[in-house]
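Participant: Next comes work21.txt, compact mmCIF, C-alpha atoms and all ligand atoms:
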```txt
# COMPACT_ATOMS: atom_id res chain seq x y z
CA MET A 25 14.48 9.14 -23.35
CA ASP A 26 13.77 10.86 -20.04
CA GLU A 27 13.52 8.26 -17.26
CA ASN A 28 10.23 9.64 -15.97
CA VAL A 29 8.66 9.48 -19.41
CA SER A 30 9.77 5.93 -20.04
CA PHE A 31 8.64 4.91 -16.55
CA ILE A 32 5.13 6.26 -17.10
CA GLU A 33 4.90 4.83 -20.61
CA GLU A 34 5.99 1.45 -19.36
CA GLN A 35 3.39 1.42 -16.56
CA VAL A 36 0.64 2.33 -19.01
CA ASP A 37 1.76 -0.41 -21.41
CA ARG A 38 1.78 -2.91 -18.58
CA HIS A 39 -1.69 -1.77 -17.53
CA HIS A 40 -2.97 -2.33 -21.08
CA GLU A 41 -1.42 -5.77 -21.18
CA LEU A 42 -2.91 -6.63 -17.77
CA PHE A 43 -6.40 -5.58 -18.78
CA SER A 44 -6.16 -7.54 -22.04
CA ARG A 45 -5.94 -10.75 -19.99
CA SER A 46 -8.31 -9.80 -17.12
CA LEU A 47 -12.03 -10.00 -16.49
CA PRO A 48 -13.06 -6.35 -15.98
CA MET A 49 -16.13 -6.51 -13.73
CA ILE A 50 -16.21 -3.18 -11.89
CA ALA A 51 -19.80 -2.03 -12.31
CA SER A 52 -18.90 1.64 -12.92
CA GLU A 53 -16.45 1.14 -15.79
CA ASN A 54 -16.49 0.35 -19.47
CA VAL A 55 -14.34 0.59 -22.60
CA ILE A 56 -14.99 3.17 -25.28
CA SER A 57 -15.11 2.35 -28.97
CA PRO A 58 -12.08 2.86 -31.23
CA LEU A 59 -13.75 5.82 -33.00
CA ALA A 60 -14.69 7.51 -29.72
CA ARG A 61 -11.16 6.94 -28.41
CA GLU A 62 -9.79 8.79 -31.44
CA MET A 63 -11.68 11.91 -30.39
CA LEU A 64 -9.85 11.90 -27.06
CA LEU A 65 -6.58 12.39 -28.93
CA SER A 66 -7.85 15.31 -31.01
CA ASP A 67 -6.92 18.99 -30.67
CA PHE A 68 -10.33 19.52 -29.02
CA GLY A 69 -8.55 18.43 -25.86
CA ASP A 70 -6.22 21.43 -26.05
CA ARG A 71 -8.90 24.13 -26.42
CA TYR A 72 -11.29 26.16 -24.34
CA ALA A 73 -14.97 26.81 -24.90
CA GLU A 74 -17.00 28.48 -22.18
CA GLY A 75 -20.73 29.02 -22.36
CA LEU A 76 -22.90 27.79 -25.23
CA PRO A 77 -22.34 27.39 -28.99
CA GLY A 78 -22.55 30.80 -30.66
CA GLU A 79 -22.16 32.63 -27.33
CA ARG A 80 -18.59 31.79 -26.33
CA TYR A 81 -16.13 33.73 -24.22
CA TYR A 82 -13.21 32.60 -26.46
CA GLU A 83 -12.66 32.63 -30.21
CA GLY A 84 -11.65 29.65 -32.32
CA ASN A 85 -14.73 27.57 -31.54
CA VAL A 86 -16.35 27.41 -34.99
CA PHE A 87 -16.06 23.63 -35.29
CA VAL A 88 -16.37 22.98 -31.58
CA ASP A 89 -19.75 24.71 -31.77
CA GLU A 90 -20.83 22.48 -34.66
CA VAL A 91 -19.85 19.39 -32.70
CA GLU A 92 -21.52 20.55 -29.50
CA ARG A 93 -24.79 21.26 -31.32
CA ARG A 94 -24.71 17.78 -32.85
CA VAL A 95 -23.79 16.00 -29.59
CA THR A 96 -26.62 17.82 -27.83
CA ALA A 97 -29.09 16.83 -30.56
CA LEU A 98 -27.96 13.19 -30.35
CA ALA A 99 -28.42 13.15 -26.58
CA ARG A 100 -31.90 14.69 -26.89
CA GLU A 101 -32.84 12.08 -29.47
CA LEU A 102 -31.42 9.13 -27.54
CA PHE A 103 -32.98 10.09 -24.20
CA ARG A 104 -36.11 11.67 -25.70
CA CYS A 105 -35.92 14.96 -23.84
CA ARG A 106 -36.00 18.72 -24.38
CA LEU A 107 -32.82 19.58 -22.47
CA ALA A 108 -29.51 17.75 -22.82
CA ASP A 109 -26.57 19.57 -21.28
CA VAL A 110 -23.41 17.75 -22.36
CA ARG A 111 -21.00 20.03 -20.48
CA PRO A 112 -20.67 18.45 -17.01
CA ILE A 113 -17.23 16.86 -16.93
CA SER A 114 -18.34 13.93 -14.74
CA GLY A 115 -21.35 12.47 -13.01
CA THR A 116 -20.35 14.08 -9.72
CA VAL A 117 -20.04 17.48 -11.40
CA ALA A 118 -23.51 17.06 -12.92
CA ASN A 119 -24.80 16.31 -9.41
CA LEU A 120 -23.15 19.45 -8.04
CA ALA A 121 -24.88 21.43 -10.82
CA VAL A 122 -28.23 20.18 -9.46
CA TYR A 123 -27.29 21.32 -5.94
CA TYR A 124 -26.34 24.77 -7.23
CA ALA A 125 -29.44 25.03 -9.40
CA LEU A 126 -32.14 23.71 -7.09
CA LEU A 127 -30.98 23.83 -3.47
CA GLU A 128 -29.76 26.39 -0.95
CA PRO A 129 -27.75 25.56 2.17
CA GLY A 130 -30.15 24.35 4.85
CA ASP A 131 -32.70 22.93 2.40
CA ILE A 132 -33.93 19.39 2.91
CA MET A 133 -33.16 16.70 0.34
CA THR A 134 -34.41 13.15 0.74
CA SER A 135 -31.98 10.53 -0.60
CA VAL A 136 -30.83 6.91 -0.43
CA ALA A 137 -28.36 6.14 2.38
CA LEU A 138 -24.74 5.32 1.56
CA SER A 139 -25.03 1.87 3.14
CA HIS A 140 -28.03 1.22 0.88
CA GLY A 141 -25.97 1.88 -2.22
CA ALA A 142 -26.01 5.66 -2.72
CA HIS A 143 -23.02 7.52 -4.14
CA ILE A 144 -20.81 9.66 -1.94
CA SER A 145 -21.76 12.82 -3.89
CA SER A 146 -25.31 12.67 -2.50
CA ALA A 147 -24.20 11.94 1.07
CA LYS A 148 -23.84 14.12 4.13
CA PHE A 149 -20.04 13.98 4.06
CA GLY A 150 -19.87 14.28 0.25
CA GLY A 151 -20.95 17.04 -2.14
CA ALA A 152 -24.48 17.34 -0.74
CA GLY A 153 -23.36 17.87 2.84
CA MET A 154 -20.62 20.24 1.76
CA ARG A 155 -23.22 22.41 0.03
CA GLY A 156 -24.95 22.52 3.43
CA ILE A 157 -27.88 20.39 2.29
CA ASN A 158 -29.86 18.68 5.00
CA ASN A 159 -30.00 15.03 3.88
CA VAL A 160 -32.77 12.75 5.11
CA ASN A 161 -32.56 9.08 4.07
CA TYR A 162 -35.37 6.87 2.84
CA PRO A 163 -36.18 3.64 4.65
CA PHE A 164 -34.88 0.61 2.74
CA ASP A 165 -36.25 -2.85 1.99
CA VAL A 166 -33.17 -5.06 2.30
CA GLU A 167 -34.83 -8.14 0.80
CA ARG A 168 -35.82 -6.27 -2.35
CA MET A 169 -32.66 -4.15 -2.35
CA ASN A 170 -34.74 -1.06 -3.03
CA ILE A 171 -36.21 1.85 -1.10
CA ASP A 172 -39.31 0.99 0.89
CA ILE A 173 -42.22 2.48 -1.07
CA ASP A 174 -44.72 3.18 1.74
CA GLY A 175 -42.07 4.41 4.15
CA SER A 176 -40.50 6.67 1.51
CA ALA A 177 -43.88 8.14 0.52
CA LYS A 178 -44.59 8.87 4.18
CA LEU A 179 -41.18 10.47 4.65
CA ILE A 180 -41.56 12.71 1.58
CA ARG A 181 -45.02 13.84 2.71
CA HIS A 182 -43.71 14.51 6.21
CA VAL A 183 -40.43 16.37 5.58
CA LYS A 184 -41.49 18.05 2.31
CA PRO A 185 -38.03 18.10 0.74
CA LYS A 186 -37.03 20.74 -1.79
CA VAL A 187 -35.60 17.86 -3.83
CA ALA A 188 -36.36 14.15 -3.68
CA ALA A 189 -33.15 12.48 -4.88
CA PHE A 190 -32.81 8.94 -6.20
CA GLY A 191 -30.18 6.71 -7.76
CA GLN A 192 -27.52 4.36 -6.44
CA SER A 193 -24.06 2.98 -7.08
CA VAL A 194 -25.41 -0.45 -6.20
CA PHE A 195 -28.45 -0.03 -8.43
CA LEU A 196 -30.10 -3.41 -8.82
CA PHE A 197 -33.77 -2.54 -9.28
CA PRO A 198 -35.69 0.40 -10.76
CA THR A 199 -36.67 3.19 -8.38
CA PRO A 200 -40.46 3.19 -7.74
CA LEU A 201 -40.94 6.71 -9.13
CA LYS A 202 -44.45 6.09 -10.44
CA GLU A 203 -45.53 4.75 -7.06
CA LEU A 204 -44.23 7.90 -5.33
CA ARG A 205 -45.78 10.39 -7.74
CA ASP A 206 -48.62 11.48 -5.43
CA ALA A 207 -46.17 12.04 -2.58
CA PHE A 208 -43.99 14.24 -4.84
CA GLN A 209 -47.02 16.28 -5.81
CA GLU A 210 -48.20 16.74 -2.24
CA ALA A 211 -44.73 17.78 -1.11
CA GLY A 212 -44.27 20.07 -4.14
CA CYS A 213 -40.67 18.87 -4.55
CA HIS A 214 -38.36 18.55 -7.53
CA VAL A 215 -37.51 14.95 -8.43
CA TRP A 216 -33.87 14.30 -9.29
CA TYR A 217 -32.67 10.91 -10.52
CA ASP A 218 -28.95 10.16 -10.52
CA GLY A 219 -28.74 7.57 -13.28
CA ALA A 220 -24.92 7.41 -13.43
CA HIS A 221 -24.83 3.61 -13.47
CA VAL A 222 -27.78 2.95 -15.71
CA MET A 223 -27.66 5.63 -18.44
CA GLY A 224 -26.87 3.08 -21.16
CA LEU A 225 -29.69 0.82 -19.96
CA ILE A 226 -32.21 3.67 -19.90
CA ALA A 227 -31.14 4.78 -23.38
CA GLY A 228 -31.37 1.17 -24.56
CA GLY A 229 -34.95 0.73 -23.32
CA GLN A 230 -34.09 -1.36 -20.23
CA PHE A 231 -34.41 -0.80 -16.48
CA GLN A 232 -36.77 2.21 -16.38
CA ASP A 233 -37.59 5.49 -18.11
CA PRO A 234 -37.27 8.09 -15.32
CA LEU A 235 -38.28 11.14 -17.37
CA ARG A 236 -41.58 9.48 -18.24
CA GLU A 237 -42.04 8.19 -14.67
CA GLY A 238 -41.82 11.48 -12.78
CA ALA A 239 -38.19 12.69 -12.70
CA ASP A 240 -37.70 16.41 -13.44
CA VAL A 241 -33.98 16.04 -13.98
CA ILE A 242 -31.52 13.20 -14.58
CA THR A 243 -27.78 13.37 -14.12
CA GLY A 244 -25.31 10.71 -15.09
CA SER A 245 -21.84 9.56 -15.95
CA THR A 246 -21.29 8.71 -19.61
CA HIS A 247 -18.86 5.85 -19.05
CA LYS A 248 -20.59 3.07 -17.17
CA THR A 249 -23.43 1.23 -18.93
CA LEU A 250 -23.34 4.06 -21.46
CA PRO A 251 -19.95 3.05 -22.86
CA GLY A 252 -18.49 6.49 -23.55
CA PRO A 253 -15.64 8.72 -22.40
CA GLN A 254 -15.27 9.74 -18.75
CA HIS A 255 -17.68 12.69 -18.73
CA GLY A 256 -21.12 13.68 -17.43
CA ILE A 257 -24.54 14.68 -18.70
CA LEU A 258 -27.66 16.42 -17.39
CA LEU A 259 -31.11 15.84 -18.90
CA SER A 260 -34.58 17.20 -18.40
CA ASP A 261 -37.86 17.09 -20.28
CA SER A 262 -39.32 20.07 -18.47
CA ALA A 263 -41.29 22.57 -20.57
CA ASP A 264 -40.63 25.24 -17.92
CA ASP A 265 -37.99 27.52 -19.44
CA LYS A 266 -37.11 29.08 -16.10
CA PHE A 267 -36.42 25.68 -14.54
CA VAL A 268 -34.30 24.63 -17.53
CA LYS A 269 -32.32 27.89 -17.35
CA ARG A 270 -31.64 27.31 -13.65
CA LEU A 271 -30.28 23.84 -14.42
CA MET A 272 -28.07 25.13 -17.21
CA LYS A 273 -26.75 27.95 -15.02
CA GLY A 274 -25.99 25.32 -12.40
CA VAL A 275 -23.69 23.69 -14.97
CA PHE A 276 -22.14 26.91 -16.29
CA PRO A 277 -21.11 29.11 -14.60
CA GLY A 278 -22.01 26.97 -11.55
CA VAL A 279 -19.59 24.07 -11.67
CA VAL A 280 -17.95 23.94 -15.10
CA SER A 281 -15.70 26.38 -16.90
CA ASN A 282 -14.22 24.60 -19.91
CA HIS A 283 -16.07 21.37 -20.52
CA HIS A 284 -13.35 19.02 -21.84
CA LEU A 285 -14.16 19.27 -25.51
CA HIS A 286 -12.38 16.10 -26.59
CA ALA A 287 -14.53 14.08 -24.18
CA MET A 288 -17.63 15.86 -25.46
CA ALA A 289 -16.73 14.91 -29.06
CA ALA A 290 -16.08 11.32 -27.98
CA LEU A 291 -19.46 11.32 -26.24
CA GLY A 292 -21.06 12.29 -29.55
CA ILE A 293 -19.59 9.19 -31.20
CA THR A 294 -20.81 7.03 -28.30
CA LEU A 295 -24.34 8.48 -28.53
CA ALA A 296 -24.46 7.85 -32.29
CA GLU A 297 -23.28 4.27 -31.69
CA HIS A 298 -25.80 3.75 -28.90
CA LEU A 299 -28.63 4.94 -31.18
CA GLN A 300 -27.59 2.16 -33.54
CA PHE A 301 -26.55 -0.64 -31.18
CA GLY A 302 -27.78 0.41 -27.72
CA ARG A 303 -30.97 -1.62 -27.58
CA ASP A 304 -29.22 -4.92 -28.30
CA TYR A 305 -26.34 -4.02 -26.02
CA ALA A 306 -28.52 -3.03 -23.05
CA ALA A 307 -30.70 -6.14 -23.39
CA GLN A 308 -27.65 -8.42 -23.43
CA ILE A 309 -26.10 -6.67 -20.40
CA VAL A 310 -29.21 -7.42 -18.31
CA LYS A 311 -29.51 -11.01 -19.60
CA ASN A 312 -25.87 -11.58 -18.71
CA ALA A 313 -26.29 -10.12 -15.22
CA LYS A 314 -29.24 -12.38 -14.47
CA ALA A 315 -27.40 -15.40 -15.91
CA LEU A 316 -24.31 -14.59 -13.83
CA GLY A 317 -26.44 -14.25 -10.67
CA GLN A 318 -27.97 -17.69 -11.25
CA ALA A 319 -24.62 -19.29 -12.11
CA LEU A 320 -22.97 -17.81 -9.00
CA VAL A 321 -25.72 -19.19 -6.76
CA GLU A 322 -25.26 -22.61 -8.35
CA GLN A 323 -21.55 -22.37 -7.51
CA GLY A 324 -22.44 -21.73 -3.83
CA PHE A 325 -22.28 -17.93 -3.64
CA LYS A 326 -24.88 -15.90 -1.79
CA VAL A 327 -26.17 -13.34 -4.27
CA LEU A 328 -28.53 -10.69 -2.91
CA ALA A 329 -32.19 -10.42 -3.98
CA GLU A 330 -32.26 -13.99 -5.32
CA LYS A 331 -36.04 -14.15 -4.83
CA PHE A 332 -36.45 -11.15 -7.11
CA GLY A 333 -34.21 -12.36 -9.94
CA PHE A 334 -30.98 -10.86 -8.52
CA THR A 335 -31.11 -7.69 -10.62
CA GLU A 336 -32.79 -5.75 -13.41
CA SER A 337 -29.57 -3.90 -14.25
CA HIS A 338 -25.94 -4.72 -15.05
CA ALA A 339 -24.96 -5.09 -11.38
CA LEU A 340 -24.99 -7.83 -8.77
CA ALA A 341 -24.24 -7.65 -5.05
CA ILE A 342 -22.62 -10.78 -3.60
CA ASP A 343 -22.37 -11.47 0.12
CA VAL A 344 -18.94 -13.08 0.59
CA SER A 345 -18.85 -12.82 4.40
CA ALA A 346 -18.80 -16.64 4.62
CA HIS A 347 -15.67 -16.71 2.45
CA GLY A 348 -13.61 -14.04 4.22
CA GLY A 349 -15.44 -10.79 3.45
CA GLY A 350 -15.39 -8.29 0.58
CA ALA A 351 -11.96 -6.82 1.32
CA GLU A 352 -10.21 -10.19 1.29
CA ILE A 353 -12.11 -11.76 -1.59
CA SER A 354 -11.82 -8.78 -3.95
CA LEU A 355 -8.04 -8.93 -3.42
CA GLU A 356 -8.00 -12.68 -4.07
CA PHE A 357 -10.02 -12.11 -7.24
CA GLU A 358 -7.49 -9.49 -8.30
CA LYS A 359 -4.67 -12.02 -7.97
CA ALA A 360 -6.57 -14.10 -10.56
CA ASN A 361 -7.09 -10.96 -12.70
CA ILE A 362 -10.80 -10.90 -11.94
CA ILE A 363 -11.30 -7.19 -11.27
CA THR A 364 -14.13 -6.35 -8.85
CA ASN A 365 -14.56 -4.15 -5.78
CA LYS A 366 -15.44 -4.68 -2.15
CA ASN A 367 -18.77 -3.12 -1.29
CA LEU A 368 -20.90 -2.24 1.70
CA LEU A 369 -24.05 -4.30 2.06
CA PRO A 370 -27.09 -2.79 3.81
CA TRP A 371 -26.31 -4.31 7.21
CA ASP A 372 -22.58 -3.46 7.22
CA THR A 373 -21.14 -0.98 9.68
CA SER A 374 -17.48 -0.95 8.56
CA SER A 375 -16.58 0.38 5.12
CA VAL A 376 -13.07 -1.08 5.57
CA HIS A 377 -14.39 -4.61 6.13
CA PRO A 378 -17.62 -4.84 4.15
CA SER A 379 -19.36 -8.16 3.52
CA GLY A 380 -19.91 -7.64 -0.15
CA VAL A 381 -18.39 -7.66 -3.57
CA ARG A 382 -20.08 -5.72 -6.38
CA VAL A 383 -19.80 -6.86 -9.98
CA GLY A 384 -21.19 -5.64 -13.31
CA THR A 385 -21.59 -7.34 -16.67
CA GLN A 386 -21.52 -4.24 -18.91
CA GLU A 387 -17.86 -4.51 -19.93
CA LEU A 388 -17.79 -8.29 -20.44
CA THR A 389 -20.90 -7.85 -22.61
CA ARG A 390 -19.16 -5.08 -24.55
CA LEU A 391 -16.37 -7.55 -25.27
CA GLY A 392 -18.88 -10.02 -26.71
CA MET A 393 -19.58 -12.36 -23.79
CA ARG A 394 -23.03 -13.90 -23.47
CA GLU A 395 -24.88 -16.20 -21.06
CA ALA A 396 -22.61 -19.20 -21.77
CA GLN A 397 -19.52 -17.21 -20.75
CA MET A 398 -21.25 -16.09 -17.54
CA LYS A 399 -21.15 -19.73 -16.44
CA ASP A 400 -17.40 -19.82 -17.14
CA VAL A 401 -16.94 -16.58 -15.20
CA SER A 402 -18.87 -17.93 -12.20
CA ASP A 403 -16.71 -21.05 -12.24
CA LEU A 404 -13.49 -18.99 -12.20
CA MET A 405 -14.86 -16.87 -9.33
CA ALA A 406 -15.81 -19.97 -7.33
CA ARG A 407 -12.38 -21.52 -7.81
CA VAL A 408 -10.85 -18.44 -6.18
CA ALA A 409 -13.35 -17.62 -3.42
CA ILE A 410 -14.91 -20.97 -2.51
CA LYS A 411 -12.53 -23.73 -3.60
CA ARG A 412 -9.55 -21.58 -2.66
CA GLU A 413 -7.42 -22.66 -5.58
CA ASP A 414 -4.18 -20.77 -6.11
CA PRO A 415 -5.41 -17.58 -7.86
CA ARG A 416 -2.36 -17.56 -10.15
CA ARG A 417 -3.50 -20.88 -11.62
CA VAL A 418 -6.97 -19.44 -12.11
CA ALA A 419 -5.39 -16.40 -13.80
CA ALA A 420 -4.10 -18.69 -16.56
CA ASP A 421 -7.67 -19.80 -17.30
CA VAL A 422 -8.92 -16.21 -17.10
CA ARG A 423 -6.38 -15.33 -19.78
CA GLU A 424 -7.58 -18.29 -21.86
CA LEU A 425 -11.23 -17.15 -21.62
CA ARG A 426 -10.29 -13.60 -22.63
CA ARG A 427 -8.44 -14.79 -25.74
CA GLU A 428 -11.62 -14.86 -27.85
CA PHE A 429 -13.10 -11.72 -26.32
CA ASN A 430 -10.74 -8.88 -27.09
CA THR A 431 -12.74 -6.78 -29.53
CA VAL A 432 -15.04 -3.94 -28.51
CA ARG A 433 -18.55 -4.67 -29.87
CA PHE A 434 -21.78 -2.71 -30.28
CA CYS A 435 -19.94 0.10 -32.09
CA PHE A 436 -18.92 1.25 -35.57
CA GLN A 437 -15.65 -0.21 -36.79
CA PRO A 438 -12.97 2.29 -37.85
CA GLY A 439 -12.53 2.69 -41.61
CA VAL A 440 -9.72 4.14 -43.71
CA GLU A 441 -10.61 7.74 -42.77
CA ALA A 442 -10.12 7.01 -39.08
CA HIS A 443 -6.67 5.61 -39.74
CA LYS A 444 -5.72 8.77 -41.64
CA ARG A 445 -6.96 10.91 -38.73
CA HIS A 446 -5.02 8.79 -36.33
CA ARG A 447 -1.79 9.77 -38.11
CA LEU A 448 -2.84 13.44 -37.98
CA PHE A 449 -3.40 13.38 -34.22
CA HIS A 450 0.00 11.90 -33.59
C1 LIG B 501 -24.79 6.89 -8.42
C2 LIG B 501 -23.54 7.57 -8.85
N1 LIG B 501 -23.56 8.89 -9.02
C3 LIG B 501 -22.45 9.57 -9.40
C4 LIG B 501 -21.27 8.91 -9.62
C5 LIG B 501 -20.05 9.70 -9.97
O1 LIG B 501 -19.74 9.64 -11.26
P1 LIG B 501 -18.35 10.21 -11.80
O2 LIG B 501 -17.33 9.23 -11.42
O3 LIG B 501 -18.63 10.31 -13.27
O4 LIG B 501 -18.13 11.54 -11.16
C6 LIG B 501 -21.20 7.54 -9.46
C7 LIG B 501 -19.91 6.83 -9.71
O5 LIG B 501 -19.75 5.69 -9.73
C8 LIG B 501 -22.35 6.86 -9.05
O6 LIG B 501 -22.33 5.54 -8.83
```
Here is the file; what I need is its structure written in the form of structure tokens.
Facilitator:
Amino acid sequence: MDENVSFIEEQVDRHHELFSRSLPMIASENVISPLAREMLLSDFGDRYAEGLPGERYYEGNVFVDEVERRVTALARELFRCRLADVRPISGTVANLAVYYALLEPGDIMTSVALSHGAHISSAKFGGAGMRGINNVNYPFDVERMNIDIDGSAKLIRHVKPKVAAFGQSVFLFPTPLKELRDAFQEAGCHVWYDGAHVMGLIAGGQFQDPLREGADVITGSTHKTLPGPQHGILLSDSADDKFVKRLMKGVFPGVVSNHHLHAMAALGITLAEHLQFGRDYAAQIVKNAKALGQALVEQGFKVLAEKFGFTESHALAIDVSAHGGGAEISLEFEKANIITNKNLLPWDTSSVHPSGVRVGTQELTRLGMREAQMKDVSDLMARVAIKREDPRRVAADVRELRREFNTVRFCFQPGVEAHKRHRLFH
């Protein structure tokens, strides 16, 4: 065997083994179901399809077209909307499609600031700035960990943005879209909601329902609380055909050529599973997040927005500045195989030494953990960060906790047919 091949295979095997005995708590990740994973191995991943079903620029897409029509229909059903474009290959790419569709260089876009939890793609030095968009940030209510409603309404009325953008990577509480509706109308702006983190919650009837609350367009990743393949999606319920066409042109030919057909097929499986299991899954994710927030506080951690129930989503923001800061503590957690990330908190000035750690409960929930296990998780985290036990000793107990939670839940289980297909793909 070629040394490079065996090296890479070995690292991937070791990675799998590591994650089978870790607590995966990065708020932007998840595991896909066995049936969805099968689609990633299919020949769809070797083919090209540009444009829309029935109007392709390449031949050989008969069955790809069938799948794309079905995946689109599933997305429209799940999110209750007229337009579902399943071609963006990631959340960031879906965001770029919005910039191409709705904004010209020099246009004003109001958005959440990076230090208040926004994603880099909507920031001045990310995709938005690179498109030449003039970003103006909303004022933020640090106690509530949400944009300040009155200040944001005033800002929107004053600067009259072309697009009012919302959505965060530290997304603890629903955006007050309904409260800002009059301001949107007065400014005559489009309302864009980046729901990357919360797509699975929205689809499962939790958090909020942006399309019914005033958003013209939603973009998102399909692999965070929506537990699908790494891919993107763009949704709208607009009845304005011209607006919908602009959005779709933003996707193709704007920012996507071939749209990673294997991931699209896998997304279809995820959407079908979420239609079946999504409501229970989303509800348990939020219950677990709230339970983990409470348990962490009882262990002596400072969890943000305690007065407001910590979170309405899958995510929690923890201020670990008293224990060494986010950079140090996330590394200590890693030594115990508790996988988190350091995160800026609203008052931080250095992204290298932030005060916070961000965690999410979506993957632990997917593996079957409930409120009782959140207590165990908080105890393991406290042993590392507060009691300063040797993280390698804690890692042994992390492994023990994971022993009973190694099956992906809230999905269809593979039957005989899937096993036959598996042989075909190999
Ligand atoms: C709010 C938000 N938007 C967009 C993205 C980018 O998503 P992707 O990694 O799918 O490009 C993220 C990623 O975490 C995010 O948090």
Participant: Residues of chain A that approach ligand LIG 501 (chain B) to 6 Å or less, counting all atoms listed in the file: could you list each one with the shortest pair of atoms and its distance in Å to one decimal, rows by chain and increasing residue number, as CSV?
Facilitator:
```
residue,atom,partner,partner_atom,distance
A:Ser52,CA,B:LIG501,O5,5.2
A:Ser114,CA,B:LIG501,O3,3.9
A:Gly115,CA,B:LIG501,O3,3.5
A:Thr116,CA,B:LIG501,O4,3.7
A:Ala142,CA,B:LIG501,C1,6.0
A:His143,CA,B:LIG501,C1,4.7
A:Gly191,CA,B:LIG501,C1,5.4
A:Gln192,CA,B:LIG501,C1,4.2
A:Ser193,CA,B:LIG501,O6,3.6
A:Asp218,CA,B:LIG501,C1,5.7
A:Ala220,CA,B:LIG501,C2,4.8
A:His221,CA,B:LIG501,O6,5.6
A:Ser245,CA,B:LIG501,O3,4.2
A:Gly256,CA,B:LIG501,O3,5.9
```
Participant: Write out as a ChimeraX atom specification the residues lying within 9 Å of segment 95-100 of chain A, counting only C-alpha atoms and excluding same-chain residues fewer than 6 positions away.
Facilitator: /A:106-110,257,259,288-289,291-293,295-296,299
Participant: Counting all atoms listed in the file, which residues of segment 242-266 of chain A sit at most 12 Å from some atom of segment 177-190 of chain A, and what is each one's closest atom pair with its distance in Å to one decimal, listed by chain and rising residue number, as CSV?
Facilitator:
```
residue,atom,partner,partner_atom,distance
A:Ile242,CA,A:Phe190,CA,9.5
A:Thr243,CA,A:Phe190,CA,10.4
A:Gly244,CA,A:Phe190,CA,11.8
```
Participant: Could you check the closest approach to Val194 of chain A for each of A:Val29, A:Val432, A:Val376, A:Val222 and tell me which residue wins, using all atoms listed in the file?
Facilitator: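 Checking each of A:Val29, A:Val432, A:Val376, A:Val222 against Val194 of chain A, counting all atoms listed in the file, the winner is A:Val222.
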Participant: Taking all atoms listed in the file into account, name the residue in A:Gly392, A:Pro234, A:Gly274, A:Gly252 that is nearest to Arg104 of chain A.
Facilitator: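 Closest residue, counting all atoms listed in the file: A:Pro234.
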Participant: For Ala125 of chain A, work out the shell of residues within 8 Å, counting all atoms listed in the file and skipping chain neighbours fewer than 4 positions away, then give it as a PDB file with C-alpha atoms, in the frame of the given file.
Facilitator:
```pdb
ATOM      1  CA  ALA A 121     -24.880  21.430 -10.820  1.00  0.00           C
ATOM      2  CA  ARG A 270     -31.640  27.310 -13.650  1.00  0.00           C
ATOM      3  CA  LEU A 271     -30.280  23.840 -14.420  1.00  0.00           C
ATOM      4  CA  MET A 272     -28.070  25.130 -17.210  1.00  0.00           C
ATOM      5  CA  LYS A 273     -26.750  27.950 -15.020  1.00  0.00           C
ATOM      6  CA  GLY A 274     -25.990  25.320 -12.400  1.00  0.00           C
ATOM      7  CA  GLY A 278     -22.010  26.970 -11.550  1.00  0.00           C
TER       8      GLY A 278
END
```
Participant: Would you mind telling me which residue in A:Tyr124, A:Phe103, A:Trp371, A:Phe332 lies nearest to Ser260 of chain A when using all atoms listed in the file?
Facilitator: A:Phe103
Participant: Any idea what's packed within 9 Å of Ala51 of chain A, counting all atoms listed in the file, ignoring anything in its chain fewer than 4 positions away? Could you give it as an MDAnalysis selection string?
Facilitator: chainID A and resid 193:194 221 248:249 338:340 364:365 382:387
Participant: With only C-alpha atoms counted, which protein, DNA or RNA residues have an atom no more than 10 Å from (-45.0, 1.2, -0.3) in the file frame? Please answer as a list in words.
Facilitator: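 Answer for this query, in the requested form: Asp165, Ile171, Asp172, Ile173, Asp174, Gly175, Ser176, Ala177, Lys178, Pro200, Glu203 and Leu204 of chain A.
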Participant: List as a VMD selection string the protein and nucleic acid residues near Phe197 of chain A, meaning an atom at most 7 Å away when all atoms listed in the file are counted, but skip any in the same chain fewer than 6 places from it.
Facilitator: chain A and resid 170 335 to 337
